[in-house]
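Coordinates from final03.cif are shown below (mmCIF, C-alpha atoms and all ligand atoms).
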data_run
loop_
_atom_site.group_PDB
_atom_site.id
_atom_site.type_symbol
_atom_site.label_atom_id
_atom_site.label_comp_id
_atom_site.auth_asym_id
_atom_site.auth_seq_id
_atom_site.Cartn_x
_atom_site.Cartn_y
_atom_site.Cartn_z
ATOM 1 C CA MET A 1464 0.000 0.000 0.000
ATOM 2 C CA ALA A 1465 1.351 3.393 -0.947
ATOM 3 C CA TYR A 1466 0.060 6.739 0.162
ATOM 4 C CA CYS A 1467 -0.096 10.100 -1.497
ATOM 5 C CA ASP A 1468 2.649 12.363 -0.182
ATOM 6 C CA GLY A 1469 0.436 15.397 -0.681
ATOM 7 C CA CYS A 1470 -2.718 14.480 1.216
ATOM 8 C CA GLY A 1471 -1.949 11.184 2.930
ATOM 9 C CA ALA A 1472 -4.755 9.311 1.231
ATOM 10 C CA PRO A 1473 -4.118 5.948 -0.398
ATOM 11 C CA LEU A 1474 -2.606 6.617 -3.801
ATOM 12 C CA GLU A 1475 -5.508 5.055 -5.646
ATOM 13 C CA ASP A 1476 -7.896 7.466 -3.924
ATOM 14 C CA CYS A 1477 -5.994 10.566 -4.924
ATOM 15 C CA ASP A 1478 -6.026 12.101 -8.362
ATOM 16 C CA GLY A 1479 -2.650 13.712 -7.753
ATOM 17 C CA THR A 1480 -3.820 17.310 -7.791
ATOM 18 C CA CYS A 1481 -3.374 17.850 -4.051
ATOM 19 C CA ARG A 1482 0.312 18.719 -4.263
ATOM 20 C CA GLY A 1483 1.973 21.255 -6.512
ATOM 21 C CA GLU A 1484 5.034 20.198 -8.415
ATOM 22 C CA LEU A 1485 7.289 22.310 -6.223
ATOM 23 C CA ASP A 1486 5.553 21.757 -2.903
ATOM 24 C CA PRO A 1487 7.322 19.612 -0.356
ATOM 25 C CA PRO A 1488 5.719 16.299 0.513
ATOM 26 C CA ARG A 1489 3.611 16.384 3.645
ATOM 27 C CA PHE A 1490 2.838 12.745 4.243
ATOM 28 C CA CYS A 1491 4.949 9.600 4.213
ATOM 29 C CA ARG A 1492 4.504 7.550 1.060
ATOM 30 C CA GLU A 1493 4.981 4.354 2.998
ATOM 31 C CA CYS A 1494 2.711 4.801 5.991
ATOM 32 C CA GLY A 1495 0.631 7.898 5.321
ATOM 33 C CA ARG A 1496 1.750 9.613 8.492
ATOM 34 C CA LYS A 1497 2.383 13.301 8.617
ATOM 35 C CA LEU A 1498 5.993 14.174 7.913
ATOM 36 C CA ASP A 1499 8.199 16.593 9.765
ATOM 37 C CA VAL A 1500 9.078 18.991 6.997
ATOM 38 C CA GLN A 1501 11.927 21.440 7.273
ATOM 39 C CA VAL A 1502 12.302 23.995 4.547
ATOM 40 C CA THR A 1503 15.871 25.000 3.898
ATOM 41 C CA PRO A 1504 17.363 27.667 1.624
ATOM 42 C CA THR A 1505 18.251 24.992 -0.900
ATOM 43 C CA GLY A 1506 15.158 22.855 -0.736
ATOM 44 C CA TYR A 1507 13.588 20.849 2.020
ATOM 45 C CA ARG A 1508 13.973 17.836 4.186
ATOM 46 C CA ALA A 1509 11.015 15.643 5.008
ATOM 47 C CA GLY A 1510 11.237 12.858 7.514
ATOM 48 C CA CYS A 1511 8.824 10.294 8.858
ATOM 49 C CA ARG A 1512 9.144 9.226 12.442
ATOM 50 C CA ARG A 1513 8.957 5.620 11.367
ATOM 51 C CA HIS A 1514 10.860 5.727 8.124
ATOM 52 C CA PRO A 1515 14.186 7.286 7.192
ATOM 53 C CA PRO A 1516 14.121 10.768 5.719
ATOM 54 C CA VAL A 1517 13.400 10.917 2.035
ATOM 55 C CA ALA A 1518 16.011 12.530 -0.117
ATOM 56 C CA PRO A 1519 15.229 16.045 -1.215
ATOM 57 C CA THR A 1520 13.511 15.815 -4.565
ATOM 58 C CA GLY A 1521 12.813 19.430 -5.299
ATOM 59 C CA GLU A 1522 14.900 22.511 -5.673
ATOM 60 C CA PRO A 1523 12.886 25.676 -5.373
ATOM 61 C CA LYS A 1524 12.940 27.729 -8.519
ATOM 62 C CA LEU A 1525 13.933 31.282 -7.755
HETATM 63 ZN ZN ZN A 1601 -3.143 13.396 -2.709
HETATM 64 ZN ZN ZN A 1602 6.504 6.502 7.203
#
As structure tokens, what does this structure read like?
Amino acid sequence: MAYCDGCGAPLEDCDGTCRGELDPPRFCRECGRKLDVQVTPTGYRAGCRRHPPVAPTGEPKL
């Protein structure tokens, strides 16, 4: 089971419009829990308490 990283719903229940291309993920893809998101000058870091932090996938466009 995978979850949407934008809204935390199961992927099959989400049409993918909940998260903008440049928005950081807010929910863990593996468990659907809310992530601790830290925005940094170069991007962001998002970590789940149960799963290791996901690698930054987005660089903000300035
Ligand atoms: Zn979603
Ligand atoms: Zn998780």
Open item on the list: On this structure, the PyMOL selection byres (((not hetatm)) within 12 of (chain A and resi 1601)) would catch which residues? List them as a list in words, sorted by chain and number.
Closed with: Ala1465, Tyr1466, Cys1467, Asp1468, Gly1469, Cys1470, Gly1471, Ala1472, Pro1473, Leu1474, Glu1475, Asp1476, Cys1477, Asp1478, Gly1479, Thr1480, Cys1481, Arg1482, Gly1483, Pro1488, Arg1489, Phe1490, Cys1491, Arg1492 and Gly1495 of chain A
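Using only C-alpha atoms and all ligand atoms as the basis for the distance check, residues found within 7 Å of ligand ZN 1602 (chain A) are A:Cys1491, A:Arg1492, A:Glu1493, A:Cys1494, A:Gly1495, A:Arg1496, A:Cys1511, A:Arg1512, A:Arg1513, A:His1514.
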When the PyMOL selection byres (((chain A and resi 1500-1503) around 10) and not hetatm) is applied to the file above, which residues end up in the set, as a compact mmCIF listing (two decimals) with C-alpha atoms, in the coordinates of the input?
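Result file is part.txt:
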# COMPACT_ATOMS: atom_id res chain seq x y z
CA PRO A 1487 7.32 19.61 -0.36
CA PRO A 1488 5.72 16.30 0.51
CA ARG A 1489 3.61 16.38 3.64
CA PHE A 1490 2.84 12.74 4.24
CA LYS A 1497 2.38 13.30 8.62
CA LEU A 1498 5.99 14.17 7.91
CA ASP A 1499 8.20 16.59 9.76
CA PRO A 1504 17.36 27.67 1.62
CA THR A 1505 18.25 24.99 -0.90
CA GLY A 1506 15.16 22.86 -0.74
CA TYR A 1507 13.59 20.85 2.02
CA ARG A 1508 13.97 17.84 4.19
CA ALA A 1509 11.02 15.64 5.01
CA GLY A 1510 11.24 12.86 7.51
CA CYS A 1511 8.82 10.29 8.86
CA PRO A 1516 14.12 10.77 5.72
CA GLU A 1522 14.90 22.51 -5.67
CA PRO A 1523 12.89 25.68 -5.37
